[in-house]
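Chemist: Sharing my_file18.pdb here; it has PDB, C-alpha atoms.
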MODEL        1
ATOM      1  CA  MET C   1       0.576  30.977  -4.534  1.00  0.00           C
ATOM      2  CA  VAL C   2       3.311  33.431  -3.568  1.00  0.00           C
ATOM      3  CA  VAL C   3       5.018  30.781  -1.478  1.00  0.00           C
ATOM      4  CA  ASP C   4       4.907  28.318  -4.409  1.00  0.00           C
ATOM      5  CA  ASN C   5       6.494  30.890  -6.749  1.00  0.00           C
ATOM      6  CA  ASN C   6       9.191  31.667  -4.178  1.00  0.00           C
ATOM      7  CA  GLN C   7       9.898  27.960  -3.731  1.00  0.00           C
ATOM      8  CA  SER C   8      10.022  27.374  -7.482  1.00  0.00           C
ATOM      9  CA  GLU C   9      12.369  30.339  -7.813  1.00  0.00           C
ATOM     10  CA  LEU C  10      14.503  28.920  -5.005  1.00  0.00           C
ATOM     11  CA  ILE C  11      14.712  25.585  -6.857  1.00  0.00           C
ATOM     12  CA  VAL C  12      15.718  27.290 -10.098  1.00  0.00           C
ATOM     13  CA  ARG C  13      18.406  29.309  -8.309  1.00  0.00           C
ATOM     14  CA  ALA C  14      19.774  26.198  -6.582  1.00  0.00           C
ATOM     15  CA  GLN C  15      19.872  24.344  -9.892  1.00  0.00           C
ATOM     16  CA  ALA C  16      21.810  27.252 -11.374  1.00  0.00           C
ATOM     17  CA  GLY C  17      24.443  26.868  -8.637  1.00  0.00           C
ATOM     18  CA  ASP C  18      23.334  29.427  -6.033  1.00  0.00           C
ATOM     19  CA  GLU C  19      24.799  28.099  -2.752  1.00  0.00           C
ATOM     20  CA  GLN C  20      22.489  30.188  -0.547  1.00  0.00           C
ATOM     21  CA  ALA C  21      19.390  28.827  -2.300  1.00  0.00           C
ATOM     22  CA  PHE C  22      20.770  25.301  -1.925  1.00  0.00           C
ATOM     23  CA  GLU C  23      21.336  25.865   1.817  1.00  0.00           C
ATOM     24  CA  GLN C  24      17.789  27.222   2.241  1.00  0.00           C
ATOM     25  CA  ILE C  25      16.318  24.160   0.563  1.00  0.00           C
ATOM     26  CA  LEU C  26      18.498  21.855   2.637  1.00  0.00           C
ATOM     27  CA  LYS C  27      17.404  23.638   5.811  1.00  0.00           C
ATOM     28  CA  GLN C  28      13.740  23.123   4.912  1.00  0.00           C
ATOM     29  CA  PHE C  29      14.367  19.390   4.505  1.00  0.00           C
ATOM     30  CA  GLU C  30      16.223  19.089   7.821  1.00  0.00           C
ATOM     31  CA  GLY C  31      13.314  17.255   9.479  1.00  0.00           C
ATOM     32  CA  LEU C  32      13.186  14.675   6.693  1.00  0.00           C
ATOM     33  CA  VAL C  33      16.957  14.209   6.802  1.00  0.00           C
ATOM     34  CA  TRP C  34      16.980  13.371  10.514  1.00  0.00           C
ATOM     35  CA  LYS C  35      13.815  11.292  10.301  1.00  0.00           C
ATOM     36  CA  MET C  36      15.507   9.136   7.663  1.00  0.00           C
ATOM     37  CA  TYR C  37      18.609   8.975   9.860  1.00  0.00           C
ATOM     38  CA  GLN C  38      16.607   7.656  12.804  1.00  0.00           C
ATOM     39  CA  GLN C  39      14.929   4.986  10.660  1.00  0.00           C
ATOM     40  CA  GLN C  40      18.238   3.398   9.701  1.00  0.00           C
ATOM     41  CA  ARG C  41      19.301   0.260  11.510  1.00  0.00           C
ATOM     42  CA  ILE C  42      22.962   0.856  10.873  1.00  0.00           C
ATOM     43  CA  ARG C  43      23.685   4.529  11.268  1.00  0.00           C
ATOM     44  CA  PRO C  44      26.689   6.390   9.948  1.00  0.00           C
ATOM     45  CA  GLN C  45      28.125   9.279  11.925  1.00  0.00           C
ATOM     46  CA  PRO C  46      25.715  12.251  11.955  1.00  0.00           C
ATOM     47  CA  ASN C  47      28.166  14.498  10.076  1.00  0.00           C
ATOM     48  CA  ASP C  48      28.674  11.810   7.427  1.00  0.00           C
ATOM     49  CA  TRP C  49      24.917  11.389   7.043  1.00  0.00           C
ATOM     50  CA  GLN C  50      24.452  15.131   6.677  1.00  0.00           C
ATOM     51  CA  GLN C  51      27.086  15.238   3.923  1.00  0.00           C
ATOM     52  CA  GLU C  52      25.484  12.258   2.190  1.00  0.00           C
ATOM     53  CA  CYS C  53      22.141  14.077   2.251  1.00  0.00           C
ATOM     54  CA  ARG C  54      23.758  17.164   0.715  1.00  0.00           C
ATOM     55  CA  VAL C  55      25.098  15.036  -2.132  1.00  0.00           C
ATOM     56  CA  VAL C  56      21.712  13.382  -2.663  1.00  0.00           C
ATOM     57  CA  LEU C  57      19.963  16.777  -2.716  1.00  0.00           C
ATOM     58  CA  HIS C  58      22.476  18.066  -5.249  1.00  0.00           C
ATOM     59  CA  LYS C  59      21.873  15.047  -7.503  1.00  0.00           C
ATOM     60  CA  THR C  60      18.109  15.340  -7.070  1.00  0.00           C
ATOM     61  CA  LEU C  61      18.163  19.011  -8.013  1.00  0.00           C
ATOM     62  CA  SER C  62      20.311  18.337 -11.053  1.00  0.00           C
ATOM     63  CA  LEU C  63      17.890  15.661 -12.319  1.00  0.00           C
ATOM     64  CA  LEU C  64      14.666  17.497 -11.405  1.00  0.00           C
ATOM     65  CA  ARG C  65      12.698  18.648 -14.451  1.00  0.00           C
ATOM     66  CA  ASN C  66       9.439  19.654 -12.781  1.00  0.00           C
ATOM     67  CA  GLN C  67      10.524  22.605 -10.679  1.00  0.00           C
ATOM     68  CA  THR C  68       7.770  22.448  -8.064  1.00  0.00           C
ATOM     69  CA  TRP C  69       8.263  21.969  -4.352  1.00  0.00           C
ATOM     70  CA  ALA C  70       6.021  18.891  -4.274  1.00  0.00           C
ATOM     71  CA  ALA C  71       8.056  17.157  -6.992  1.00  0.00           C
ATOM     72  CA  LEU C  72      11.306  18.014  -5.230  1.00  0.00           C
ATOM     73  CA  THR C  73       9.973  16.675  -1.922  1.00  0.00           C
ATOM     74  CA  VAL C  74       8.829  13.369  -3.436  1.00  0.00           C
ATOM     75  CA  TYR C  75      12.013  12.825  -5.445  1.00  0.00           C
ATOM     76  CA  TYR C  76      14.301  13.810  -2.586  1.00  0.00           C
ATOM     77  CA  GLN C  77      12.564  11.463  -0.164  1.00  0.00           C
ATOM     78  CA  ARG C  78      12.796   8.578  -2.656  1.00  0.00           C
ATOM     79  CA  SER C  79      16.419   9.406  -3.381  1.00  0.00           C
ATOM     80  CA  LEU C  80      17.274   9.335   0.323  1.00  0.00           C
ATOM     81  CA  ARG C  81      15.633   5.931   0.756  1.00  0.00           C
ATOM     82  CA  THR C  82      17.472   4.572  -2.255  1.00  0.00           C
ATOM     83  CA  HIS C  83      20.714   6.068  -1.000  1.00  0.00           C
ATOM     84  CA  VAL C  84      20.306   4.401   2.410  1.00  0.00           C
ATOM     85  CA  VAL C  85      19.936   1.031   0.689  1.00  0.00           C
ATOM     86  CA  GLN C  86      22.973   1.738  -1.479  1.00  0.00           C
ATOM     87  CA  LEU C  87      25.057   2.690   1.559  1.00  0.00           C
ATOM     88  CA  TRP C  88      24.041  -0.536   3.258  1.00  0.00           C
ATOM     89  CA  ARG C  89      24.937  -2.576   0.166  1.00  0.00           C
ATOM     90  CA  ASN C  90      28.310  -0.898  -0.140  1.00  0.00           C
ATOM     91  CA  GLU C  91      29.028  -1.505   3.536  1.00  0.00           C
ATOM     92  CA  TYR C  92      28.237  -5.207   3.378  1.00  0.00           C
ATOM     93  CA  ARG C  93      29.275  -6.071  -0.155  1.00  0.00           C
ATOM     94  CA  VAL C  94      30.595  -9.602  -0.441  1.00  0.00           C
ATOM     95  CA  LEU C  95      33.766  -9.595  -2.458  1.00  0.00           C
ATOM     96  CA  ASP C  96      34.182 -12.237  -5.135  1.00  0.00           C
ATOM     97  CA  PHE C  97      37.230 -13.809  -3.533  1.00  0.00           C
ATOM     98  CA  GLN C  98      35.299 -14.409  -0.303  1.00  0.00           C
ATOM     99  CA  VAL C  99      32.750 -16.692  -1.989  1.00  0.00           C
ATOM    100  CA  PRO C 100      33.908 -20.320  -1.963  1.00  0.00           C
ATOM    101  CA  ILE C 101      34.230 -21.968  -5.335  1.00  0.00           C
ATOM    102  CA  LEU C 102      32.041 -25.045  -5.638  1.00  0.00           C
ATOM    103  CA  LYS C 103      33.770 -28.139  -6.900  1.00  0.00           C
ATOM    104  CA  GLU C 104      32.312 -31.246  -8.418  1.00  0.00           C
ATOM    105  CA  THR C 105      33.748 -33.287  -5.564  1.00  0.00           C
ATOM    106  CA  ILE C 106      31.190 -31.899  -3.121  1.00  0.00           C
ATOM    107  CA  VAL C 107      28.681 -34.535  -2.032  1.00  0.00           C
ATOM    108  CA  SER C 108      25.214 -33.914  -3.441  1.00  0.00           C
ATOM    109  CA  TYR C 109      22.418 -33.092  -1.043  1.00  0.00           C
ATOM    110  CA  GLU C 110      19.832 -35.822  -0.772  1.00  0.00           C
ATOM    111  CA  THR C 111      16.477 -34.062  -0.780  1.00  0.00           C
ATOM    112  CA  GLN C 112      14.352 -37.186  -0.633  1.00  0.00           C
ATOM    113  CA  GLN C 113      16.003 -38.356   2.588  1.00  0.00           C
ATOM    114  CA  THR C 114      15.570 -34.913   4.153  1.00  0.00           C
ATOM    115  CA  VAL C 115      11.863 -34.739   3.198  1.00  0.00           C
ATOM    116  CA  SER C 116      11.162 -38.140   4.731  1.00  0.00           C
ATOM    117  CA  THR C 117      13.042 -37.127   7.912  1.00  0.00           C
ATOM    118  CA  CYS C 118      10.964 -33.930   8.182  1.00  0.00           C
ATOM    119  CA  GLU C 119       7.721 -35.837   7.635  1.00  0.00           C
ATOM    120  CA  GLN C 120       8.689 -38.337  10.317  1.00  0.00           C
ATOM    121  CA  THR C 121       9.544 -35.555  12.781  1.00  0.00           C
ATOM    122  CA  ALA C 122       6.288 -33.724  11.982  1.00  0.00           C
ATOM    123  CA  ASN C 123       4.261 -36.896  12.571  1.00  0.00           C
ATOM    124  CA  GLU C 124       6.008 -37.506  15.898  1.00  0.00           C
ATOM    125  CA  LEU C 125       5.281 -33.930  16.943  1.00  0.00           C
ATOM    126  CA  LEU C 126       1.601 -34.192  15.962  1.00  0.00           C
ATOM    127  CA  ASN C 127       1.235 -37.439  17.944  1.00  0.00           C
ATOM    128  CA  PHE C 128       2.876 -35.812  20.972  1.00  0.00           C
ATOM    129  CA  ILE C 129       0.533 -32.790  20.770  1.00  0.00           C
ATOM    130  CA  ALA C 130      -2.538 -35.009  20.409  1.00  0.00           C
ATOM    131  CA  GLU C 131      -1.546 -37.078  23.464  1.00  0.00           C
ATOM    132  CA  TRP C 132      -0.816 -33.917  25.453  1.00  0.00           C
ATOM    133  CA  TYR C 133      -4.112 -32.275  24.456  1.00  0.00           C
ATOM    134  CA  VAL C 134      -6.146 -35.231  25.740  1.00  0.00           C
ATOM    135  CA  THR C 135      -4.527 -34.950  29.195  1.00  0.00           C
ATOM    136  CA  LEU C 136      -5.548 -31.288  29.647  1.00  0.00           C
ATOM    137  CA  PRO C 137      -8.468 -30.210  31.854  1.00  0.00           C
ATOM    138  CA  ALA C 138     -11.581 -28.978  30.004  1.00  0.00           C
ATOM    139  CA  LYS C 139     -10.940 -25.224  30.440  1.00  0.00           C
ATOM    140  CA  GLU C 140      -7.348 -25.576  29.260  1.00  0.00           C
ATOM    141  CA  ARG C 141      -8.533 -27.479  26.158  1.00  0.00           C
ATOM    142  CA  GLU C 142     -10.984 -24.653  25.470  1.00  0.00           C
ATOM    143  CA  LEU C 143      -8.121 -22.174  25.807  1.00  0.00           C
ATOM    144  CA  VAL C 144      -5.985 -24.166  23.365  1.00  0.00           C
ATOM    145  CA  SER C 145      -8.855 -24.317  20.899  1.00  0.00           C
ATOM    146  CA  LEU C 146      -9.469 -20.568  21.067  1.00  0.00           C
ATOM    147  CA  LEU C 147      -5.786 -19.714  20.706  1.00  0.00           C
ATOM    148  CA  VAL C 148      -5.470 -22.011  17.697  1.00  0.00           C
ATOM    149  CA  GLN C 149      -8.484 -20.292  16.138  1.00  0.00           C
ATOM    150  CA  GLY C 150      -6.623 -16.983  16.383  1.00  0.00           C
ATOM    151  CA  TYR C 151      -8.208 -15.379  19.419  1.00  0.00           C
ATOM    152  CA  GLY C 152      -5.982 -13.234  21.590  1.00  0.00           C
ATOM    153  CA  MET C 153      -5.344 -14.102  25.218  1.00  0.00           C
ATOM    154  CA  VAL C 154      -7.710 -11.366  26.500  1.00  0.00           C
ATOM    155  CA  GLU C 155     -10.553 -12.450  24.195  1.00  0.00           C
ATOM    156  CA  ALA C 156     -10.072 -16.104  25.079  1.00  0.00           C
ATOM    157  CA  ALA C 157     -10.135 -15.297  28.792  1.00  0.00           C
ATOM    158  CA  LYS C 158     -13.501 -13.533  28.399  1.00  0.00           C
ATOM    159  CA  ILE C 159     -14.994 -16.389  26.377  1.00  0.00           C
ATOM    160  CA  ILE C 160     -14.052 -19.118  28.876  1.00  0.00           C
ATOM    161  CA  ASN C 161     -14.806 -16.921  31.918  1.00  0.00           C
ATOM    162  CA  ARG C 162     -11.298 -16.972  33.332  1.00  0.00           C
ATOM    163  CA  SER C 163      -8.928 -14.179  34.266  1.00  0.00           C
ATOM    164  CA  ARG C 164      -6.160 -13.059  31.949  1.00  0.00           C
ATOM    165  CA  SER C 165      -3.583 -13.973  34.569  1.00  0.00           C
ATOM    166  CA  TRP C 166      -4.979 -17.512  34.705  1.00  0.00           C
ATOM    167  CA  CYS C 167      -4.659 -17.825  30.923  1.00  0.00           C
ATOM    168  CA  TYR C 168      -1.132 -16.431  30.904  1.00  0.00           C
ATOM    169  CA  GLY C 169      -0.201 -18.756  33.778  1.00  0.00           C
ATOM    170  CA  VAL C 170      -1.542 -21.779  31.899  1.00  0.00           C
ATOM    171  CA  ARG C 171       0.364 -20.766  28.790  1.00  0.00           C
ATOM    172  CA  ARG C 172       3.541 -20.428  30.869  1.00  0.00           C
ATOM    173  CA  LYS C 173       2.934 -23.893  32.321  1.00  0.00           C
ATOM    174  CA  TRP C 174       2.645 -25.257  28.762  1.00  0.00           C
ATOM    175  CA  GLN C 175       5.866 -23.543  27.750  1.00  0.00           C
ATOM    176  CA  LEU C 176       7.735 -25.046  30.684  1.00  0.00           C
ATOM    177  CA  PHE C 177       6.309 -28.484  29.924  1.00  0.00           C
ATOM    178  CA  TYR C 178       7.283 -28.202  26.252  1.00  0.00           C
ATOM    179  CA  ASN C 179      10.807 -27.016  27.094  1.00  0.00           C
ATOM    180  CA  GLY C 180      11.210 -29.950  29.487  1.00  0.00           C
ATOM    181  CA  GLU C 181      10.081 -32.416  26.802  1.00  0.00           C
ATOM    182  CA  VAL C 182      12.429 -30.917  24.249  1.00  0.00           C
ATOM    183  CA  ARG C 183      15.360 -31.269  26.631  1.00  0.00           C
ATOM    184  CA  LYS C 184      14.527 -34.946  27.155  1.00  0.00           C
ATOM    185  CA  HIS C 185      14.793 -35.606  23.449  1.00  0.00           C
TER
ENDMDL
END
When written as structure tokens, how does the structure in this file appear?
Modeler:
Amino acid sequence: MVVDNNQSELIVRAQAGDEQAFEQILKQFEGLVWKMYQQQRIRPQPNDWQQECRVVLHKTLSLLRNQTWAALTVYYQRSLRTHVVQLWRNEYRVLDFQVPILKETIVSYETQQTVSTCEQTANELLNFIAEWYVTLPAKERELVSLLVQGYGMVEAAKIINRSRSWCYGVRRKWQLFYNGEVRKH
């Protein structure tokens, strides 16, 4: 309980503008700050990120009504996540003048023709797979069946009494065959 009172007092002091209290709180959240930094795909410079986190903590403290450490931790973590998204949006904002203006002279997209083309391609692919499946040896057909049912390669190998390397080799053979057929067409 003493720690909770000290932490609540620290929060109150930081909200009142005490720089030392603010620095102590920031130091206690250092692990969270760098964890959030590592989770970002596009990372700013470390010094920039640290300054951004200081700003977010300042805003969080100014808006915090429940002056408990748990509330501060939850709100600060959420604020950092939101801030990361906002930084990303600001970085990649599409300006209005970059978006092309659509004109009525643009040819309309024929959806019906596209749907029929996709159906035709899908039917051709299904026929090709059916013809290919019939040509496979029995164990390879069993492997295909198990993989289609959602079994992993290791499980399938155990069920059909083959080694994992055999199963992976067969799958590689199928991939090469498929790639060769795709190149032909």
Chemist: Please report the interatomic distance between atom CA of C:Glu30 and atom CA of C:Arg54 in Å with one decimal.
Modeler: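 Separating atom CA of C:Glu30 from atom CA of C:Arg54 is a distance of 10.5 Å.
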Chemist: Since I can't run it myself right now, could you work out what the PyMOL selection byres ((chain C and resi 61-69) around 9) selects here and report it as a list in words?
Modeler: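 Matching residues under the PyMOL selection byres ((chain C and resi 61-69) around 9) are Asp4, Asn5, Gln7, Ser8, Glu9, Ile11, Val12, Ala14, Gln15, Val56, Leu57, His58, Lys59, Thr60, Ala70, Ala71, Leu72, Thr73, Val74, Tyr75 and Tyr76 of chain C.
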Chemist: Between C:Val55, C:Phe22, C:Val144, C:His83, which is the closest to C:Val170 once you count all atoms listed in the file?
Modeler: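 Among C:Val55, C:Phe22, C:Val144, C:His83, it is C:Val144 that comes nearest to C:Val170.
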Chemist: Enter the distance from atom CA of C:Val84 to atom CA of C:Val33, in Å, rounded to one decimal.
Modeler: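 Distance between the two atoms: 11.3 Å.
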Chemist: C:Asn6, C:Gln50, C:Ser165, C:Thr82: which is nearest C:Tyr37, counting all atoms listed in the file?
Modeler: C:Gln50
Chemist: Could you jot down the atom CA of C:Ala156 to atom CA of C:Ala122 separation for me, Å, one decimal place?
Modeler: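 Separation of atom CA of C:Ala156 and atom CA of C:Ala122: 27.4 Å.
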Chemist: Could you pull the residues within 12 Å of C:Ser145, counting only C-alpha atoms, minus those fewer than 5 positions along the same chain, as number ranges by chain?
Modeler: C: 133, 136, 138-140, 150-153, 156, 159-160
Chemist: For a quick check of understanding, using all atoms listed in the file, which of C:Lys184, C:Val154, C:Gln51, C:Arg81 has the smallest distance to C:Tyr168?
Modeler: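 Distance minimum relative to C:Tyr168 lands on C:Val154.
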Chemist: Using all atoms listed in the file, which of C:Lys35, C:Arg13, C:Lys27, C:Leu143 sits nearest C:Ser163?
Modeler: C:Leu143
Chemist: Quick one: of C:Cys167, C:Cys53, C:Ile129, C:Ala16, who's nearest to C:Glu155, counting all atoms listed in the file?
Modeler: C:Cys167
Chemist: With all atoms of stretch 58-63 of chain C from the file as input, state the centre and edge lengths in Å to one decimal of the axis-aligned box that has 3 Å extra on each side, as JSON.
Modeler:
{"center_x": 20.2, "center_y": 17.0, "center_z": -8.8, "size_x": 10.6, "size_y": 10.0, "size_z": 13.1}
Chemist: Please determine, counting only C-alpha atoms, which residue among C:Leu125, C:Cys118, C:Ala21, C:Leu147 has the shortest atom-to-atom distance to C:Glu181.
Modeler: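 Smallest distance to C:Glu181 is found for C:Leu125.
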